[in-house]
$ cat target22.cif   # mmCIF, C-alpha atoms and all ligand atoms
data_model
loop_
_atom_site.label_atom_id
_atom_site.label_comp_id
_atom_site.auth_asym_id
_atom_site.auth_seq_id
_atom_site.Cartn_x
_atom_site.Cartn_y
_atom_site.Cartn_z
CA MET A 357 -12.69 -6.70 -8.54
CA TYR A 358 -10.32 -9.44 -9.53
CA GLY A 359 -8.81 -11.39 -6.63
CA MET A 360 -5.42 -9.88 -7.39
CA VAL A 361 -6.59 -6.77 -5.54
CA ASN A 362 -7.63 -8.61 -2.37
CA ARG A 363 -4.46 -10.69 -2.54
CA GLY A 364 -2.46 -7.47 -2.68
CA ILE A 365 -4.18 -6.19 0.47
CA GLU A 366 -3.52 -9.54 2.15
CA GLN A 367 0.15 -9.45 1.16
CA MET A 368 0.58 -5.94 2.56
CA VAL A 369 -1.16 -6.72 5.88
CA VAL A 370 0.65 -10.04 6.38
CA LEU A 371 4.00 -8.42 5.61
CA HIS A 372 3.60 -5.74 8.27
CA HIS A 373 1.31 -7.37 10.85
CA GLY A 374 1.39 -11.12 10.34
CA VAL A 375 -1.12 -13.72 9.30
CA GLU A 376 -3.17 -13.71 12.51
CA VAL A 377 -4.03 -10.04 12.14
CA TRP A 378 -5.08 -10.74 8.54
CA GLU A 379 -7.38 -13.57 9.69
CA ARG A 380 -8.90 -11.17 12.25
CA ILE A 381 -9.49 -8.56 9.54
CA LYS A 382 -11.22 -11.12 7.31
CA ARG A 383 -13.44 -12.22 10.20
CA GLU A 384 -14.35 -8.63 11.07
CA ALA A 385 -15.10 -7.97 7.38
CA GLY A 386 -17.36 -11.03 7.26
CA VAL A 387 -15.26 -12.40 4.40
CA ASP A 388 -15.25 -16.17 4.35
CA VAL A 389 -12.65 -16.80 1.63
CA GLU A 390 -9.65 -18.88 2.58
CA MET A 391 -7.53 -17.92 -0.43
CA PHE A 392 -8.24 -15.31 -3.08
CA ILE A 393 -7.65 -16.40 -6.66
CA SER A 394 -5.98 -13.66 -8.70
CA ASN A 395 -7.93 -14.07 -11.91
CA GLU A 396 -11.31 -14.71 -10.34
CA ALA A 397 -13.82 -11.87 -9.90
CA TYR A 398 -15.05 -10.95 -6.41
CA ALA A 399 -17.67 -8.36 -5.44
CA ASP A 400 -16.21 -4.84 -5.11
CA GLU A 401 -18.00 -4.71 -1.78
CA MET A 402 -15.67 -7.37 -0.41
CA THR A 403 -12.61 -5.23 -1.09
CA PHE A 404 -14.19 -2.21 0.59
CA GLN A 405 -15.22 -4.34 3.59
CA LEU A 406 -11.65 -5.58 3.93
CA VAL A 407 -10.31 -2.01 3.86
CA ALA A 408 -12.89 -0.89 6.46
CA ALA A 409 -12.11 -3.86 8.73
CA ALA A 410 -8.33 -3.31 8.34
CA SER A 411 -8.91 0.29 9.37
CA SER A 412 -10.73 -0.70 12.55
CA VAL A 413 -8.42 -3.60 13.49
CA LEU A 414 -5.21 -1.63 12.82
CA GLY A 415 -6.59 1.66 14.16
CA ALA A 416 -5.51 3.53 11.01
CA PRO A 417 -7.67 5.83 8.86
CA GLN A 418 -8.94 4.28 5.61
CA ASP A 419 -7.35 7.02 3.50
CA ALA A 420 -3.92 6.27 4.97
CA LEU A 421 -4.39 2.54 4.38
CA LEU A 422 -5.44 3.15 0.78
CA ARG A 423 -2.36 5.32 0.18
CA ALA A 424 -0.13 2.61 1.67
CA PHE A 425 -1.88 0.04 -0.50
CA GLY A 426 -1.32 2.15 -3.63
CA GLU A 427 2.42 2.20 -2.94
CA HIS A 428 2.44 -1.50 -2.16
CA TRP A 429 0.51 -2.24 -5.37
CA VAL A 430 3.08 -0.54 -7.57
CA LEU A 431 6.20 -1.65 -5.71
CA ARG A 432 5.22 -5.23 -4.87
CA THR A 433 1.89 -6.62 -6.16
CA ALA A 434 2.05 -5.42 -9.77
CA GLU A 435 5.82 -5.64 -9.99
CA GLU A 436 6.01 -9.22 -8.70
CA GLY A 437 3.04 -10.53 -10.67
CA TYR A 438 3.28 -8.49 -13.87
CA GLY A 439 6.75 -6.92 -13.98
CA GLY A 440 6.79 -7.04 -17.79
CA LEU A 441 3.62 -4.96 -18.02
CA MET A 442 5.03 -2.47 -15.52
CA SER A 443 8.28 -2.15 -17.51
CA ALA A 444 6.30 -1.57 -20.70
CA GLY A 445 4.60 1.38 -19.00
CA GLY A 446 7.67 3.57 -19.25
CA SER A 447 11.14 4.18 -17.88
CA SER A 448 10.58 7.46 -16.03
CA LEU A 449 7.75 8.87 -13.92
CA PRO A 450 6.54 11.40 -16.53
CA GLU A 451 6.72 8.80 -19.31
CA PHE A 452 4.74 6.31 -17.21
CA LEU A 453 2.10 8.92 -16.34
CA LEU A 454 1.70 9.93 -19.98
CA ASN A 455 1.24 6.25 -20.89
CA LEU A 456 -1.22 5.65 -18.03
CA PRO A 457 -4.34 6.38 -20.14
CA ASN A 458 -3.52 3.29 -22.22
CA PHE A 459 -1.99 1.15 -19.49
CA HIS A 460 -5.00 -1.00 -18.60
CA THR A 461 -5.74 -1.82 -22.25
CA ARG A 462 -2.79 -4.24 -21.94
CA VAL A 463 -4.00 -5.42 -18.53
CA VAL A 464 -7.31 -6.40 -20.18
CA MET A 465 -5.42 -9.09 -22.11
CA VAL A 466 -4.70 -10.77 -18.74
CA PHE A 467 -8.00 -9.89 -17.04
CA PRO A 468 -10.66 -9.86 -19.81
CA ASN A 469 -13.55 -8.71 -17.60
CA LEU A 470 -11.58 -5.85 -16.06
CA GLN A 471 -13.51 -2.69 -15.24
CA PRO A 472 -10.46 -0.45 -15.44
CA PRO A 473 -9.95 3.10 -14.23
CA ARG A 474 -9.73 5.77 -16.93
CA PHE A 475 -6.89 8.27 -16.80
CA ALA A 476 -6.10 11.39 -18.85
CA CYS A 477 -3.21 13.86 -18.65
CA THR A 478 -3.53 17.60 -19.32
CA ASP A 479 -1.53 20.74 -18.48
CA VAL A 480 1.73 18.86 -18.98
CA GLY A 481 4.78 20.84 -17.85
CA PRO A 482 8.44 19.95 -17.29
CA ASN A 483 7.85 18.96 -13.64
CA SER A 484 4.08 18.62 -13.26
CA LEU A 485 0.85 17.61 -14.92
CA HIS A 486 -2.85 17.29 -14.23
CA LEU A 487 -4.02 13.70 -13.91
CA HIS A 488 -7.74 13.09 -14.45
CA TYR A 489 -9.11 9.88 -12.92
CA ARG A 490 -12.53 8.50 -13.79
CA THR A 491 -14.20 5.38 -12.39
CA HIS A 492 -17.65 4.11 -11.54
CA ARG A 493 -16.32 3.12 -8.10
CA ALA A 494 -16.38 5.44 -5.09
CA GLY A 495 -13.73 5.87 -2.44
CA LEU A 496 -10.48 5.14 -4.29
CA THR A 497 -9.04 8.68 -4.48
CA HIS A 498 -6.34 8.00 -1.90
CA PHE A 499 -5.45 4.69 -3.55
CA VAL A 500 -4.49 6.75 -6.61
CA VAL A 501 -2.43 9.14 -4.47
CA GLY A 502 -0.54 6.10 -3.14
CA LEU A 503 -0.10 4.67 -6.64
CA ILE A 504 1.57 7.89 -7.75
CA GLN A 505 3.81 7.96 -4.67
CA GLY A 506 4.75 4.35 -5.43
CA LEU A 507 5.57 5.23 -9.04
CA GLY A 508 7.78 8.07 -7.75
CA LYS A 509 9.67 5.53 -5.62
CA ARG A 510 9.87 3.07 -8.51
CA PHE A 511 11.66 5.68 -10.60
CA GLY A 512 13.67 7.27 -7.77
CA THR A 513 11.79 10.52 -8.36
CA GLU A 514 10.32 12.48 -5.47
CA ALA A 515 6.66 12.88 -6.41
CA THR A 516 3.53 14.33 -4.82
CA ALA A 517 -0.12 14.11 -5.82
CA THR A 518 -2.44 16.84 -4.59
CA VAL A 519 -6.20 16.41 -4.94
CA LEU A 520 -7.47 19.51 -6.79
CA GLU A 521 -11.03 18.31 -7.35
CA SER A 522 -12.83 15.25 -6.06
CA LYS A 523 -15.95 13.43 -7.15
CA ALA A 524 -16.79 12.84 -3.47
CA GLU A 525 -17.16 16.62 -3.17
CA GLY A 526 -19.32 17.02 -6.24
CA ALA A 527 -16.79 17.36 -9.07
CA ASP A 528 -17.29 15.44 -12.32
CA HIS A 529 -14.21 13.29 -11.56
CA ASP A 530 -11.06 13.30 -9.44
CA LEU A 531 -8.31 15.65 -10.56
CA PHE A 532 -4.76 15.50 -9.19
CA LEU A 533 -1.84 17.87 -9.54
CA VAL A 534 1.18 15.60 -9.85
CA GLU A 535 4.53 17.26 -9.24
CA TRP A 536 7.97 15.68 -9.38
CA LYS A 537 11.59 16.57 -9.02
CA SER A 538 14.02 15.38 -11.65
CA PRO A 539 15.83 12.27 -10.40
CA VAL A 540 19.23 12.79 -8.81
CA ALA A 541 21.81 11.58 -11.31
C1 LIG A 601 0.83 -4.66 -14.28
C2 LIG A 601 0.28 -3.78 -13.48
C3 LIG A 601 -1.19 -3.71 -13.14
C4 LIG A 601 -2.16 -4.68 -13.17
C5 LIG A 601 -1.99 -6.16 -13.55
C6 LIG A 601 -3.40 -4.04 -12.78
C7 LIG A 601 -4.60 -4.71 -12.63
C8 LIG A 601 -5.72 -4.18 -12.04
C9 LIG A 601 -6.86 -4.93 -11.60
C10 LIG A 601 -7.04 -6.45 -11.76
C11 LIG A 601 -7.75 -4.07 -11.06
C12 LIG A 601 -9.15 -4.38 -10.47
C13 LIG A 601 -10.23 -3.89 -11.37
C14 LIG A 601 -11.25 -4.96 -11.73
O1 LIG A 601 -11.07 -6.14 -11.36
O2 LIG A 601 -12.25 -4.64 -12.42
C15 LIG A 601 -7.14 -2.76 -11.14
C16 LIG A 601 -7.73 -1.61 -10.66
C17 LIG A 601 -7.12 -0.39 -10.63
N1 LIG A 601 -5.89 -0.05 -11.16
FE1 LIG A 601 -4.59 -1.34 -12.02
N2 LIG A 601 -3.18 -2.70 -12.54
C18 LIG A 601 -1.84 -2.46 -12.74
C19 LIG A 601 -1.21 -1.26 -12.60
C20 LIG A 601 -1.81 -0.07 -12.27
C21 LIG A 601 -1.15 1.21 -12.20
C22 LIG A 601 0.33 1.43 -12.49
C23 LIG A 601 -2.11 2.13 -11.86
C24 LIG A 601 -1.99 3.62 -11.68
C25 LIG A 601 -0.91 4.26 -11.42
C26 LIG A 601 -3.35 1.41 -11.68
C27 LIG A 601 -4.54 2.00 -11.28
C28 LIG A 601 -5.66 1.28 -10.92
C29 LIG A 601 -6.82 1.84 -10.22
C30 LIG A 601 -6.99 3.28 -9.76
C31 LIG A 601 -7.72 0.78 -10.03
C32 LIG A 601 -9.06 0.82 -9.26
C33 LIG A 601 -10.23 0.57 -10.15
C34 LIG A 601 -11.09 1.79 -10.38
O3 LIG A 601 -10.57 2.92 -10.32
O4 LIG A 601 -12.30 1.62 -10.68
N3 LIG A 601 -3.14 0.10 -11.95
N4 LIG A 601 -5.93 -2.86 -11.75
#

$ encode --input "target22.cif" --output "structure tokens"
Amino acid sequence: MYGMVNRGIEQMVVLHHGVEVWERIKREAGVDVEMFISNEAYADEMTFQLVAAASSVLGAPQDALLRAFGEHWVLRTAEEGYGGLMSAGGSSLPEFLLNLPNFHTRVVMVFPNLQPPRFACTDVGPNSLHLHYRTHRAGLTHFVVGLIQGLGKRFGTEATATVLESKAEGADHDLFLVEWKSPVA
């Protein structure tokens, strides 16, 4: 994955735990990279090793870390680096979710070798929808849950994502029920 992802993890860890803890996590992960470069590609494995090492050093389950990272990604990493792209995604949670299937086609202009996730929306109601998530990568289900929570916060809309079906348990792809309350005026 592009270095932007590892940089995002670094930013989140350093923010909450400081730079020494981050150095310890990198050592434990066996990652010998002083500084990640956003638009350079790194092995996916490196990202997963960093998450696993963060889990053991911080004593937090990987799923919880991935959810926290999803929120951080939306609220800080993507917003600070690519705020314009985020704004173009929509001005409310449901609008953003409905635009999500096309979102990474714009991101490809910045990261040409992106291997993006694929999203689809079905069963769209006034306060819920089904979000289908397809990827060749394993283990990112809870990252998506965190991304949706982060989007809820971005738009001041209480939102939940419930995993209805997961690829890890034999389904074709991950399926989430996303529910939201209308924002308080
Ligand atoms: C401007 C904002 C964003 C940028 C620049 C961006 C960029 C990226 C990059 C560089 C990757 C790594 C993939 C690779 O290197 O092949 C990635 C992965 C991913 N992105 Fe985004 N992204 C943005 C916003 C979002 C949003 C809003 C969502 C969903 C709500 C999202 C969902 C994901 C997921 C789930 C992955 C993991 C890859 C996979 O599933 O295989 N991203 N994105």

$ closest_residue --input "target22.cif" --among "A:Glu435, A:Asp419, A:Glu390, A:Glu396" --to "A:Pro468" --atoms "all atoms listed in the file"
A:Glu396

$ residues_around --input "target22.cif" --residues "A:Val361" --least-positions-apart "2" --cutoff "9 Å" --atoms "only C-alpha atoms" --output "CSV table (one decimal) with C-alpha atoms, in the coordinates of the input"
chain,number,residue,atom,x,y,z
A,357,MET,CA,-12.7,-6.7,-8.5
A,358,TYR,CA,-10.3,-9.4,-9.5
A,359,GLY,CA,-8.8,-11.4,-6.6
A,363,ARG,CA,-4.5,-10.7,-2.5
A,364,GLY,CA,-2.5,-7.5,-2.7
A,365,ILE,CA,-4.2,-6.2,0.5
A,366,GLU,CA,-3.5,-9.5,2.2
A,394,SER,CA,-6.0,-13.7,-8.7
A,403,THR,CA,-12.6,-5.2,-1.1
A,429,TRP,CA,0.5,-2.2,-5.4
A,433,THR,CA,1.9,-6.6,-6.2

$ closest_residue --input "target22.cif" --among "A:Val430, A:Val389, A:Met442, A:Leu533" --to "A:Met368" --atoms "all atoms listed in the file"
A:Val430

$ closest_atom_pairs --input "target22.cif" --of "chain A" --to "ligand LIG 601 (chain A)" --cutoff "6 Å" --atoms "only C-alpha atoms and all ligand atoms" --output "JSON lines"
{"residue": "A:Met357", "atom": "CA", "partner": "A:LIG601", "partner_atom": "O1", "distance": 3.3}
{"residue": "A:Tyr358", "atom": "CA", "partner": "A:LIG601", "partner_atom": "O1", "distance": 3.8}
{"residue": "A:Met360", "atom": "CA", "partner": "A:LIG601", "partner_atom": "C10", "distance": 5.8}
{"residue": "A:Val430", "atom": "CA", "partner": "A:LIG601", "partner_atom": "C22", "distance": 6.0}
{"residue": "A:Ala434", "atom": "CA", "partner": "A:LIG601", "partner_atom": "C2", "distance": 4.4}
{"residue": "A:Tyr438", "atom": "CA", "partner": "A:LIG601", "partner_atom": "C1", "distance": 4.6}
{"residue": "A:Leu441", "atom": "CA", "partner": "A:LIG601", "partner_atom": "C1", "distance": 4.7}
{"residue": "A:Met442", "atom": "CA", "partner": "A:LIG601", "partner_atom": "C1", "distance": 4.9}
{"residue": "A:Val463", "atom": "CA", "partner": "A:LIG601", "partner_atom": "C5", "distance": 5.4}
{"residue": "A:Leu470", "atom": "CA", "partner": "A:LIG601", "partner_atom": "O2", "distance": 3.9}
{"residue": "A:Gln471", "atom": "CA", "partner": "A:LIG601", "partner_atom": "O2", "distance": 3.7}
{"residue": "A:Pro472", "atom": "CA", "partner": "A:LIG601", "partner_atom": "C13", "distance": 5.3}
{"residue": "A:Pro473", "atom": "CA", "partner": "A:LIG601", "partner_atom": "O3", "distance": 4.0}
{"residue": "A:Thr491", "atom": "CA", "partner": "A:LIG601", "partner_atom": "O4", "distance": 4.5}
{"residue": "A:His492", "atom": "CA", "partner": "A:LIG601", "partner_atom": "O4", "distance": 6.0}
{"residue": "A:Arg493", "atom": "CA", "partner": "A:LIG601", "partner_atom": "O4", "distance": 5.0}
{"residue": "A:Val500", "atom": "CA", "partner": "A:LIG601", "partner_atom": "C30", "distance": 5.3}
{"residue": "A:Leu503", "atom": "CA", "partner": "A:LIG601", "partner_atom": "C25", "distance": 4.9}
{"residue": "A:Ile504", "atom": "CA", "partner": "A:LIG601", "partner_atom": "C25", "distance": 5.7}

$ closest_residue --input "target22.cif" --among "A:Leu507, A:Val369, A:Leu496, A:Cys477" --to "A:Ala524" --atoms "all atoms listed in the file"
A:Leu496

$ atom_distance --input "target22.cif" --atom1 "atom CA of A:Thr518" --atom2 "atom CA of A:Asn455"
19.8 Å

$ closest_residue --input "target22.cif" --among "A:Thr478, A:His488, A:Asn395, A:Ala416" --to "A:Val466" --atoms "all atoms listed in the file"
A:Asn395

$ atom_distance --input "target22.cif" --atom1 "atom CA of A:Leu485" --atom2 "atom CA of A:Val519"
12.3 Å

$ atom_distance --input "target22.cif" --atom1 "atom CA of A:Ala517" --atom2 "atom CA of A:Ser412"
25.9 Å

$ closest_residue --input "target22.cif" --among "A:Met391, A:Leu449, A:Ala420, A:Ala410" --to "A:Gly512" --atoms "all atoms listed in the file"
A:Leu449

$ closest_residue --input "target22.cif" --among "A:Arg490, A:Arg432, A:Arg510, A:Arg383" --to "A:Gly445" --atoms "all atoms listed in the file"
A:Arg510

$ residues_around --input "target22.cif" --residues "A:Leu456" --least-positions-apart "5" --cutoff "10 Å" --atoms "only C-alpha atoms" --output "list in words"
Gly445, Gly446, Pro450, Glu451, Thr461, Pro473, Arg474, Phe475, Ala476, Cys477 and Leu487 of chain A

$ residues_around --input "target22.cif" --residues "A:Val377" --least-positions-apart "2" --cutoff "12 Å" --atoms "all atoms listed in the file" --output "PyMOL selection string"
chain A and resi 366-375+379-384+409-414

$ build_atoms --input "target22.cif" --residues "stretch 381-392 of chain A" --atoms "all heavy atoms" --output "mmCIF file, keeping the file's coordinate frame"
data_model
loop_
_atom_site.group_PDB
_atom_site.id
_atom_site.type_symbol
_atom_site.label_atom_id
_atom_site.label_comp_id
_atom_site.auth_asym_id
_atom_site.auth_seq_id
_atom_site.Cartn_x
_atom_site.Cartn_y
_atom_site.Cartn_z
ATOM 1 N N ILE A 381 -8.890 -9.549 10.450
ATOM 2 C CA ILE A 381 -9.490 -8.560 9.540
ATOM 3 C C ILE A 381 -10.556 -9.225 8.667
ATOM 4 O O ILE A 381 -11.654 -8.701 8.489
ATOM 5 C CB ILE A 381 -8.383 -7.879 8.682
ATOM 6 C CG1 ILE A 381 -7.560 -6.939 9.571
ATOM 7 C CG2 ILE A 381 -8.981 -7.124 7.494
ATOM 8 C CD1 ILE A 381 -6.281 -6.423 8.940
ATOM 9 N N LYS A 382 -10.238 -10.410 8.150
ATOM 10 C CA LYS A 382 -11.220 -11.120 7.310
ATOM 11 C C LYS A 382 -12.479 -11.452 8.106
ATOM 12 O O LYS A 382 -13.595 -11.287 7.619
ATOM 13 C CB LYS A 382 -10.602 -12.415 6.751
ATOM 14 C CG LYS A 382 -9.767 -12.191 5.512
ATOM 15 C CD LYS A 382 -9.628 -13.440 4.662
ATOM 16 C CE LYS A 382 -8.892 -14.551 5.359
ATOM 17 N NZ LYS A 382 -8.595 -15.681 4.459
ATOM 18 N N ARG A 383 -12.276 -11.895 9.356
ATOM 19 C CA ARG A 383 -13.440 -12.220 10.200
ATOM 20 C C ARG A 383 -14.301 -10.982 10.429
ATOM 21 O O ARG A 383 -15.499 -10.990 10.256
ATOM 22 C CB ARG A 383 -12.982 -12.776 11.560
ATOM 23 C CG ARG A 383 -12.875 -14.292 11.587
ATOM 24 C CD ARG A 383 -12.883 -14.824 13.020
ATOM 25 N NE ARG A 383 -11.913 -14.180 13.887
ATOM 26 C CZ ARG A 383 -10.622 -14.504 13.955
ATOM 27 N NH1 ARG A 383 -10.148 -15.453 13.178
ATOM 28 N NH2 ARG A 383 -9.804 -13.877 14.775
ATOM 29 N N GLU A 384 -13.628 -9.882 10.796
ATOM 30 C CA GLU A 384 -14.350 -8.630 11.070
ATOM 31 C C GLU A 384 -15.068 -8.129 9.811
ATOM 32 O O GLU A 384 -16.143 -7.544 9.889
ATOM 33 C CB GLU A 384 -13.356 -7.577 11.589
ATOM 34 C CG GLU A 384 -13.963 -6.208 11.727
ATOM 35 C CD GLU A 384 -13.681 -5.540 13.058
ATOM 36 O OE1 GLU A 384 -13.168 -6.202 13.979
ATOM 37 O OE2 GLU A 384 -13.998 -4.345 13.145
ATOM 38 N N ALA A 385 -14.482 -8.398 8.640
ATOM 39 C CA ALA A 385 -15.100 -7.970 7.380
ATOM 40 C C ALA A 385 -16.229 -8.909 6.967
ATOM 41 O O ALA A 385 -16.961 -8.620 6.017
ATOM 42 C CB ALA A 385 -14.032 -7.914 6.283
ATOM 43 N N GLY A 386 -16.343 -10.033 7.645
ATOM 44 C CA GLY A 386 -17.360 -11.030 7.260
ATOM 45 C C GLY A 386 -17.005 -11.703 5.953
ATOM 46 O O GLY A 386 -17.886 -12.117 5.193
ATOM 47 N N VAL A 387 -15.718 -11.806 5.664
ATOM 48 C CA VAL A 387 -15.260 -12.400 4.400
ATOM 49 C C VAL A 387 -14.790 -13.828 4.676
ATOM 50 O O VAL A 387 -13.816 -14.044 5.386
ATOM 51 C CB VAL A 387 -14.110 -11.557 3.792
ATOM 52 C CG1 VAL A 387 -13.437 -12.303 2.655
ATOM 53 C CG2 VAL A 387 -14.646 -10.210 3.313
ATOM 54 N N ASP A 388 -15.521 -14.763 4.080
ATOM 55 C CA ASP A 388 -15.250 -16.170 4.350
ATOM 56 C C ASP A 388 -14.557 -16.802 3.128
ATOM 57 O O ASP A 388 -15.079 -17.715 2.502
ATOM 58 C CB ASP A 388 -16.588 -16.863 4.659
ATOM 59 C CG ASP A 388 -16.381 -18.306 5.075
ATOM 60 O OD1 ASP A 388 -15.253 -18.643 5.470
ATOM 61 O OD2 ASP A 388 -17.345 -19.088 4.980
ATOM 62 N N VAL A 389 -13.406 -16.269 2.777
ATOM 63 C CA VAL A 389 -12.650 -16.800 1.630
ATOM 64 C C VAL A 389 -11.282 -17.179 2.158
ATOM 65 O O VAL A 389 -10.560 -16.340 2.689
ATOM 66 C CB VAL A 389 -12.500 -15.724 0.518
ATOM 67 C CG1 VAL A 389 -11.629 -16.244 -0.620
ATOM 68 C CG2 VAL A 389 -13.857 -15.281 0.001
ATOM 69 N N GLU A 390 -10.939 -18.452 2.011
ATOM 70 C CA GLU A 390 -9.650 -18.880 2.580
ATOM 71 C C GLU A 390 -8.502 -18.293 1.766
ATOM 72 O O GLU A 390 -7.562 -17.733 2.319
ATOM 73 C CB GLU A 390 -9.589 -20.398 2.602
ATOM 74 C CG GLU A 390 -8.519 -20.881 3.565
ATOM 75 C CD GLU A 390 -8.559 -22.380 3.740
ATOM 76 O OE1 GLU A 390 -9.680 -22.943 3.728
ATOM 77 O OE2 GLU A 390 -7.483 -22.967 3.860
ATOM 78 N N MET A 391 -8.609 -18.422 0.424
ATOM 79 C CA MET A 391 -7.530 -17.920 -0.430
ATOM 80 C C MET A 391 -8.115 -17.240 -1.661
ATOM 81 O O MET A 391 -8.927 -17.852 -2.360
ATOM 82 C CB MET A 391 -6.661 -19.113 -0.864
ATOM 83 C CG MET A 391 -5.236 -18.754 -1.143
ATOM 84 S SD MET A 391 -4.300 -20.219 -1.614
ATOM 85 C CE MET A 391 -4.726 -20.308 -3.341
ATOM 86 N N PHE A 392 -7.723 -16.010 -1.901
ATOM 87 C CA PHE A 392 -8.240 -15.310 -3.080
ATOM 88 C C PHE A 392 -7.497 -15.795 -4.328
ATOM 89 O O PHE A 392 -6.285 -15.982 -4.301
ATOM 90 C CB PHE A 392 -8.050 -13.799 -2.932
ATOM 91 C CG PHE A 392 -8.930 -13.211 -1.871
ATOM 92 C CD1 PHE A 392 -8.407 -12.848 -0.645
ATOM 93 C CD2 PHE A 392 -10.287 -13.047 -2.104
ATOM 94 C CE1 PHE A 392 -9.227 -12.325 0.344
ATOM 95 C CE2 PHE A 392 -11.112 -12.518 -1.123
ATOM 96 C CZ PHE A 392 -10.582 -12.160 0.107
#
